[in-house]
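Data file: query_31.txt. Format and content: compact mmCIF, C-alpha atoms.
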```txt
# COMPACT_ATOMS: atom_id res chain seq x y z
CA MET A 1 -39.75 4.11 -57.49
CA ASN A 2 -39.71 4.37 -53.71
CA SER A 3 -40.96 1.25 -51.99
CA THR A 4 -42.57 0.56 -48.64
CA VAL A 5 -40.33 -1.29 -46.21
CA SER A 6 -41.05 -3.07 -42.96
CA GLN A 7 -38.56 -3.68 -40.15
CA PHE A 8 -40.94 -5.89 -38.18
CA ASN A 9 -42.30 -8.56 -40.49
CA TYR A 10 -42.49 -10.93 -37.50
CA GLY A 11 -43.63 -8.28 -35.04
CA MET A 12 -41.34 -7.83 -32.05
CA VAL A 13 -39.85 -11.31 -32.30
CA THR A 14 -36.82 -10.36 -34.40
CA PRO A 15 -35.97 -7.12 -32.49
CA VAL A 16 -36.17 -8.92 -29.14
CA VAL A 17 -34.11 -11.91 -30.28
CA ALA A 18 -31.59 -9.56 -31.91
CA PHE A 19 -31.30 -7.59 -28.66
CA LEU A 20 -30.78 -10.78 -26.65
CA MET A 21 -28.02 -11.91 -29.01
CA ALA A 22 -26.28 -8.54 -28.65
CA CYS A 23 -26.52 -8.88 -24.86
CA ALA A 24 -25.23 -12.46 -24.96
CA GLY A 25 -22.23 -11.54 -27.11
CA SER A 26 -21.43 -8.59 -24.87
CA ALA A 27 -21.78 -10.65 -21.68
CA LEU A 28 -19.47 -13.39 -22.95
CA GLY A 29 -16.98 -10.84 -24.23
CA LEU A 30 -16.92 -9.01 -20.89
CA ARG A 31 -16.41 -12.27 -19.04
CA CYS A 32 -13.49 -13.23 -21.28
CA THR A 33 -11.78 -9.86 -20.98
CA THR A 34 -12.28 -9.90 -17.21
CA ARG A 35 -10.48 -13.24 -17.09
CA SER A 36 -7.69 -11.84 -19.27
CA VAL A 37 -7.10 -8.90 -16.94
CA ARG A 38 -6.55 -11.32 -14.03
CA MET A 39 -3.85 -13.18 -15.95
CA GLY A 40 -0.35 -12.21 -14.89
CA SER A 41 1.40 -13.26 -18.10
CA ARG A 42 0.79 -11.11 -21.16
CA GLY A 43 1.02 -14.24 -23.27
CA ARG A 44 -1.69 -15.95 -21.23
CA ARG A 45 -3.86 -12.85 -21.53
CA ALA A 46 -4.00 -12.89 -25.33
CA PRO A 47 -6.24 -15.98 -25.87
CA TRP A 48 -8.91 -14.63 -23.52
CA LEU A 49 -8.81 -11.22 -25.19
CA ALA A 50 -9.13 -12.88 -28.60
CA LEU A 51 -12.09 -14.96 -27.46
CA GLY A 52 -13.72 -11.86 -25.97
CA ALA A 53 -13.32 -10.00 -29.26
CA VAL A 54 -14.82 -12.89 -31.21
CA CYS A 55 -17.79 -13.03 -28.82
CA ILE A 56 -18.55 -9.31 -28.98
CA GLY A 57 -18.03 -9.12 -32.76
CA SER A 58 -20.13 -12.23 -33.43
CA GLY A 59 -22.85 -10.98 -31.09
CA ILE A 60 -23.07 -7.64 -32.91
CA TRP A 61 -23.10 -9.27 -36.34
CA THR A 62 -25.67 -11.89 -35.32
CA MET A 63 -27.88 -9.15 -33.87
CA HIS A 64 -27.72 -7.32 -37.19
CA PHE A 65 -28.77 -10.23 -39.37
CA ILE A 66 -31.42 -11.57 -37.00
CA ALA A 67 -32.95 -8.09 -37.14
CA MET A 68 -32.69 -8.28 -40.94
CA ILE A 69 -34.86 -11.43 -40.96
CA GLY A 70 -37.73 -9.09 -40.07
CA PHE A 71 -36.87 -6.66 -42.89
CA THR A 72 -38.98 -6.80 -46.05
CA VAL A 73 -39.41 -4.58 -49.09
CA ARG A 74 -42.78 -4.40 -50.80
CA GLY A 75 -42.40 -5.32 -54.45
CA ALA A 76 -38.89 -6.78 -54.15
CA SER A 77 -37.33 -10.15 -53.48
CA ILE A 78 -34.16 -9.83 -51.36
CA ARG A 79 -31.09 -12.01 -51.35
CA TYR A 80 -27.74 -11.44 -49.64
CA ASP A 81 -24.38 -11.58 -51.37
CA PRO A 82 -22.33 -14.15 -49.38
CA ALA A 83 -18.98 -12.43 -49.98
CA LEU A 84 -20.13 -9.02 -48.70
CA THR A 85 -22.12 -10.62 -45.88
CA PHE A 86 -19.15 -12.52 -44.51
CA LEU A 87 -16.88 -9.54 -45.15
CA SER A 88 -19.12 -7.60 -42.76
CA LEU A 89 -18.62 -10.37 -40.18
CA GLY A 90 -14.85 -10.18 -40.63
CA VAL A 91 -14.92 -6.41 -40.20
CA ALA A 92 -17.00 -6.68 -37.00
CA VAL A 93 -14.64 -9.19 -35.40
CA ALA A 94 -11.47 -7.43 -36.61
CA VAL A 95 -12.33 -3.97 -35.26
CA VAL A 96 -13.51 -5.34 -31.92
CA PHE A 97 -10.35 -7.45 -31.78
CA LEU A 98 -8.25 -4.32 -32.32
CA GLY A 99 -10.12 -2.29 -29.71
CA VAL A 100 -10.11 -5.02 -27.07
CA PHE A 101 -6.39 -5.67 -27.46
CA VAL A 102 -5.52 -1.96 -27.29
CA VAL A 103 -7.37 -1.39 -24.00
CA GLY A 104 -6.47 -4.86 -22.72
CA TYR A 105 -2.76 -4.10 -22.91
CA ARG A 106 -2.62 -0.30 -22.65
CA GLY A 107 -5.45 0.38 -20.19
CA VAL A 108 -8.29 2.89 -20.37
CA SER A 109 -6.58 6.26 -20.29
CA PRO A 110 -8.76 8.90 -22.00
CA LEU A 111 -6.60 9.02 -25.14
CA THR A 112 -6.31 5.24 -25.48
CA LEU A 113 -9.98 4.61 -24.78
CA GLY A 114 -11.12 7.43 -27.07
CA THR A 115 -8.95 6.27 -29.96
CA ALA A 116 -9.93 2.62 -29.57
CA GLY A 117 -13.61 3.57 -29.21
CA VAL A 118 -13.64 5.67 -32.38
CA VAL A 119 -11.87 3.01 -34.45
CA THR A 120 -14.04 0.19 -33.12
CA GLY A 121 -17.29 2.16 -33.39
CA ALA A 122 -16.54 3.25 -36.95
CA GLY A 123 -15.78 -0.37 -37.79
CA VAL A 124 -19.06 -1.57 -36.29
CA ALA A 125 -20.93 1.04 -38.34
CA ALA A 126 -18.98 -0.10 -41.42
CA MET A 127 -20.10 -3.66 -40.70
CA HIS A 128 -23.72 -2.50 -40.75
CA TYR A 129 -23.46 -0.64 -44.04
CA ILE A 130 -21.40 -3.35 -45.75
CA GLY A 131 -24.19 -5.73 -44.79
CA MET A 132 -26.73 -3.35 -46.30
CA TYR A 133 -24.81 -3.14 -49.57
CA GLY A 134 -24.78 -6.94 -49.57
CA MET A 135 -28.53 -6.92 -50.21
CA GLU A 136 -29.41 -7.98 -53.75
CA PHE A 137 -32.72 -6.87 -55.26
CA ALA A 138 -34.01 -5.14 -58.36
CA GLY A 139 -33.34 -1.58 -57.30
CA HIS A 140 -30.93 0.50 -55.24
CA LEU A 141 -30.46 2.11 -51.83
CA THR A 142 -29.93 5.71 -50.76
CA PHE A 143 -28.98 6.99 -47.32
CA ASP A 144 -29.69 10.19 -45.42
CA PRO A 145 -26.29 11.59 -44.36
CA LEU A 146 -27.48 13.09 -41.06
CA THR A 147 -29.10 9.85 -39.89
CA VAL A 148 -26.04 7.88 -40.99
CA GLY A 149 -23.91 10.24 -38.91
CA LEU A 150 -26.19 9.67 -35.90
CA SER A 151 -25.86 5.89 -36.31
CA VAL A 152 -22.05 6.17 -36.45
CA LEU A 153 -22.04 8.36 -33.32
CA THR A 154 -24.20 5.78 -31.55
CA ALA A 155 -21.82 3.00 -32.62
CA VAL A 156 -18.78 4.92 -31.37
CA THR A 157 -20.47 5.63 -28.03
CA ALA A 158 -21.50 1.98 -27.64
CA ALA A 159 -18.02 0.73 -28.57
CA THR A 160 -16.29 3.12 -26.17
CA ALA A 161 -18.59 2.07 -23.33
CA ALA A 162 -18.03 -1.61 -24.14
CA LEU A 163 -14.25 -1.28 -24.19
CA TRP A 164 -14.25 0.61 -20.90
CA ALA A 165 -16.53 -1.96 -19.29
CA ALA A 166 -14.43 -4.83 -20.65
CA VAL A 167 -11.40 -3.91 -18.54
CA SER A 168 -13.03 -1.94 -15.71
CA LEU A 169 -16.02 -3.99 -14.51
CA HIS A 170 -15.25 -7.25 -12.73
CA THR A 171 -18.39 -8.14 -10.76
CA LEU A 172 -21.17 -10.25 -12.19
CA ALA A 173 -23.86 -7.64 -11.50
CA SER A 174 -21.95 -4.78 -13.13
CA ALA A 175 -21.06 -6.90 -16.16
CA ALA A 176 -24.72 -7.94 -16.56
CA ALA A 177 -25.84 -4.30 -16.41
CA ALA A 178 -23.18 -3.30 -18.94
CA SER A 179 -24.27 -6.11 -21.26
CA VAL A 180 -27.88 -4.90 -21.22
CA ILE A 181 -26.79 -1.32 -21.91
CA MET A 182 -24.61 -2.55 -24.76
CA GLY A 183 -27.50 -4.55 -26.17
CA VAL A 184 -29.71 -1.47 -26.18
CA ALA A 185 -27.00 0.70 -27.77
CA VAL A 186 -26.01 -1.76 -30.50
CA THR A 187 -29.60 -2.63 -31.40
CA GLY A 188 -30.44 1.07 -31.40
CA MET A 189 -27.52 1.74 -33.76
CA HIS A 190 -28.89 -0.89 -36.14
CA TYR A 191 -32.38 0.59 -36.31
CA ILE A 192 -31.06 4.14 -36.59
CA GLY A 193 -28.97 2.96 -39.53
CA MET A 194 -32.02 1.31 -41.07
CA ALA A 195 -33.99 4.54 -40.65
CA ALA A 196 -31.31 6.30 -42.72
CA MET A 197 -32.01 4.03 -45.69
CA SER A 198 -34.48 4.53 -48.53
CA VAL A 199 -35.23 1.67 -50.93
CA HIS A 200 -35.91 2.34 -54.61
CA VAL A 201 -37.32 -0.61 -56.56
CA ASP A 202 -37.16 -0.74 -60.36
CA ALA A 203 -40.73 -0.27 -61.59
CA ASP A 204 -40.40 -2.72 -64.49
CA SER A 205 -39.16 -5.56 -62.29
CA ALA A 206 -41.34 -5.25 -59.20
CA VAL A 207 -42.78 -8.48 -57.82
CA LEU A 208 -45.71 -9.08 -55.53
CA GLY A 209 -43.50 -9.80 -52.56
CA GLN A 210 -41.19 -12.31 -50.99
CA SER A 211 -41.95 -15.43 -49.07
CA SER A 212 -40.92 -15.11 -45.43
CA LEU A 213 -39.71 -18.70 -45.62
CA ASP A 214 -37.41 -17.84 -48.54
CA LEU A 215 -35.81 -15.02 -46.54
CA LEU A 216 -35.35 -17.27 -43.52
CA VAL A 217 -33.75 -19.96 -45.66
CA SER A 218 -31.27 -17.43 -47.09
CA LEU A 219 -30.29 -15.84 -43.77
CA LEU A 220 -30.37 -18.58 -41.16
CA PRO A 221 -27.36 -20.52 -42.54
CA MET A 222 -25.32 -17.30 -42.37
CA VAL A 223 -26.43 -16.60 -38.80
CA GLY A 224 -25.93 -20.20 -37.68
CA GLY A 225 -22.12 -20.11 -37.74
CA PRO A 226 -21.65 -17.11 -35.40
CA VAL A 227 -24.37 -18.45 -33.10
CA LEU A 228 -22.46 -21.73 -32.84
CA VAL A 229 -19.31 -19.75 -32.01
CA LEU A 230 -21.16 -18.01 -29.17
CA VAL A 231 -22.45 -21.34 -27.85
CA LEU A 232 -18.94 -22.81 -27.86
CA ALA A 233 -17.60 -19.68 -26.15
CA ALA A 234 -20.27 -20.01 -23.49
CA VAL A 235 -19.15 -23.59 -22.83
CA ILE A 236 -15.53 -22.43 -22.50
CA VAL A 237 -16.48 -19.61 -20.13
CA MET A 238 -18.49 -22.00 -17.95
CA PHE A 239 -15.28 -23.94 -17.31
CA ASP A 240 -13.67 -20.97 -15.60
CA PRO A 241 -9.95 -21.52 -14.96
CA ASP A 242 -10.47 -20.52 -11.31
CA MET A 243 -12.59 -23.62 -10.92
CA LEU A 244 -10.01 -25.86 -12.58
CA ILE A 245 -6.52 -24.60 -11.68
CA GLY A 246 -7.11 -22.34 -8.70
CA ASN A 247 -7.63 -18.62 -8.27
CA GLU A 248 -4.56 -16.73 -9.50
CA SER A 249 -3.87 -13.07 -9.01
CA PRO A 250 -2.64 -10.78 -11.83
CA ASP A 251 0.96 -10.95 -10.60
CA GLY A 252 0.96 -14.74 -10.84
CA ARG A 253 0.85 -15.48 -7.07
CA GLY A 254 -1.89 -17.25 -5.17
CA ALA A 255 -4.62 -14.66 -4.78
CA ARG A 256 -6.28 -16.34 -1.87
CA ALA A 257 -3.00 -16.69 0.00
CA ALA A 258 -2.06 -13.10 -0.77
CA GLN A 259 -5.33 -11.92 0.75
CA THR A 260 -5.17 -14.02 3.90
CA ALA A 261 -1.49 -14.01 4.92
CA PRO A 262 -0.84 -11.89 8.04
CA ALA A 263 0.86 -8.54 7.69
CA GLY A 264 4.64 -8.83 7.63
CA GLU A 265 4.57 -12.54 6.79
CA GLU A 266 6.04 -13.59 3.49
CA ARG A 267 3.32 -14.54 1.04
CA PRO A 268 3.60 -17.74 -0.94
CA THR A 269 4.53 -17.47 -4.59
CA ALA A 270 2.85 -20.63 -5.80
CA SER A 271 -0.77 -20.82 -6.91
CA TRP A 272 -3.20 -22.70 -4.73
CA PRO A 273 -4.11 -26.11 -6.07
CA ALA A 274 -7.47 -26.82 -7.60
CA LEU A 275 -10.30 -27.64 -5.27
```
Can you give me the file's structure in the form of structure tokens?
Amino acid sequence: MNSTVSQFNYGMVTPVVAFLMACAGSALGLRCTTRSVRMGSRGRRAPWLALGAVCIGSGIWTMHFIAMIGFTVRGASIRYDPALTFLSLGVAVAVVFLGVFVVGYRGVSPLTLGTAGVVTGAGVAAMHYIGMYGMEFAGHLTFDPLTVGLSVLTAVTAATAALWAAVSLHTLASAAAASVIMGVAVTGMHYIGMAAMSVHVDADSAVLGQSSLDLLVSLLPMVGGPVLVLVLAAVIVMFDPDMLIGNESPDGRGARAAQTAPAGEERPTASWPAL
């Protein structure tokens, strides 16, 4: 039988916190990719790109499962399969990793950006639906194809915008604005995907309901790991290399010296020392 579902068991608390986590992951990811673009050596660029991908992927995944804390099904007790749940996390990080590295090394030409955006967006949507299939309850799910298609389109659009912003926006204000837009888009994709779902509970196994505490206990340990990753990434980003080893331009020369040396005078090739 069809069952009544609620996306907002805790009111607006879970949607707002989920949105903030999506923004935080996007902001950290943009900061890391901005730092990578300023690295002259391709080898030195890779760790920052990797950290940026982990931040964005973890932020998206954490947003999804924080939002799911507010999801309840009347007449069903929900648990989450750990293998599928963490598979969805791996998918989220892997596809963002792929997209970030493609645009980080090949730029944002229309073909490159479009291809990376489609692959990454489809992967983010896959993360969402793998997470949905990880739900365990006495019943089954069905999905409306048109609404699923809309959620995938939203994910592709959000991913394309994020990848473009990651290598194109370098000021704090523009990155903050992009992070908010990304938070809206990713959270919107989640709730569009949830709207595509119908829950059918087995009539002979229906229960009165599920304790909110039980659901929190099952989900919070899963969410805790990616949140810790984001906290550690934030600590790393706070210790910006410019503050520790000097401001270096993409070609490996001292950026400050390159900007201030008079015209016609040979510019120094060494980086400025730390202040």
Show me, as a PDB file with C-alpha atoms, in the coordinates of the input, the residues that have an atom within 7 Å of Ala27 (chain A) when counting all atoms listed in the file, minus same-chain residues fewer than 5 positions from it.
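Final file, selection_19.pdb:
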```pdb
ATOM      1  CA  ALA A 175     -21.060  -6.900 -16.160  1.00  0.00           C
ATOM      2  CA  ALA A 176     -24.720  -7.940 -16.560  1.00  0.00           C
ATOM      3  CA  SER A 179     -24.270  -6.110 -21.260  1.00  0.00           C
TER       4      SER A 179
END
```
Residue contacts of region 125-137 of chain A (7 Å, all atoms listed in the file) excluding same-chain residues fewer than 6 positions away, as a ChimeraX atom specification: /A:76-81,84-85,88-89,91-92,152,155
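Comparing A:Ala116, A:Val54, A:Met194, A:Pro110 by their smallest distance to Gly90 (chain A), the closest is A:Val54 (using all atoms listed in the file).
For the pair CA of Ala53 (chain A) and CA of Arg35 (chain A), the separation is 12.9 Å.
When all atoms listed in the file are used to measure the gap to Ala67 (chain A), the shortest distance among A:Gly29, A:Gly123, A:Pro82, A:Gly11 belongs to A:Gly11.
With all atoms listed in the file as the basis for measurement, A:Ile192 is the residue among A:Val118, A:Thr187, A:Ile192, A:Ala166 that approaches Ser151 (chain A) most closely.
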For Thr14 (chain A): contacts at 7 Å, all atoms listed in the file, fewer than 3 positions along chain excluded, given as a PyMOL selection string: chain A and resi 10+17-18+66-67+69-70
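CA of Ala159 (chain A) to CA of Gly117 (chain A) spans 5.3 Å [interatomic distance, one decimal].
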Nearest residue to Trp61 (chain A) from the set A:Met197, A:Ala177, A:Val93, A:Ala161 (distances using only C-alpha atoms): A:Val93
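Atom to atom, CA of Leu51 (chain A) and CA of Ser109 (chain A) stand 23.1 Å apart.
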Shell of 10 Å around His200 (chain A), all atoms listed in the file, local chain residues under 2 positions omitted, as a ChimeraX atom specification: /A:1-4,73,76,137-142,197-198,202-203
Expected residue set, 7 Å radius at (-27.1, 5.3, -43.8), all atoms listed in the file, as a list in words: Tyr129, Phe143, Asp144, Pro145, Thr147, Val148, Gly193, Met194, Ala196 and Met197 of chain A
Could you give me, as a short mmCIF file (atom, residue, chain, number, x, y, z; two decimals) with C-alpha atoms, keeping the file's coordinate frame, the residues within 10 Å of Ala165 (chain A), counting only C-alpha atoms and dropping anything in the same chain fewer than 5 positions from it?
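New file result-v4.cif:
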```
data_model
loop_
_atom_site.label_atom_id
_atom_site.label_comp_id
_atom_site.auth_asym_id
_atom_site.auth_seq_id
_atom_site.Cartn_x
_atom_site.Cartn_y
_atom_site.Cartn_z
CA SER A 26 -21.43 -8.59 -24.87
CA LEU A 30 -16.92 -9.01 -20.89
CA THR A 33 -11.78 -9.86 -20.98
CA THR A 34 -12.28 -9.90 -17.21
CA VAL A 108 -8.29 2.89 -20.37
CA ALA A 159 -18.02 0.73 -28.57
CA THR A 160 -16.29 3.12 -26.17
CA HIS A 170 -15.25 -7.25 -12.73
CA SER A 174 -21.95 -4.78 -13.13
CA ALA A 175 -21.06 -6.90 -16.16
CA ALA A 178 -23.18 -3.30 -18.94
CA SER A 179 -24.27 -6.11 -21.26
CA MET A 182 -24.61 -2.55 -24.76
#
```
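Considering all atoms listed in the file, the residue among A:Leu228, A:Phe19, A:Val95, A:Trp48 positioned nearest to Ala122 (chain A) is A:Val95.
The residue that comes closest to Ile181 (chain A), out of A:Ala22, A:Pro15, A:Val227, A:Ala83 and on the basis of all atoms listed in the file, is A:Ala22.
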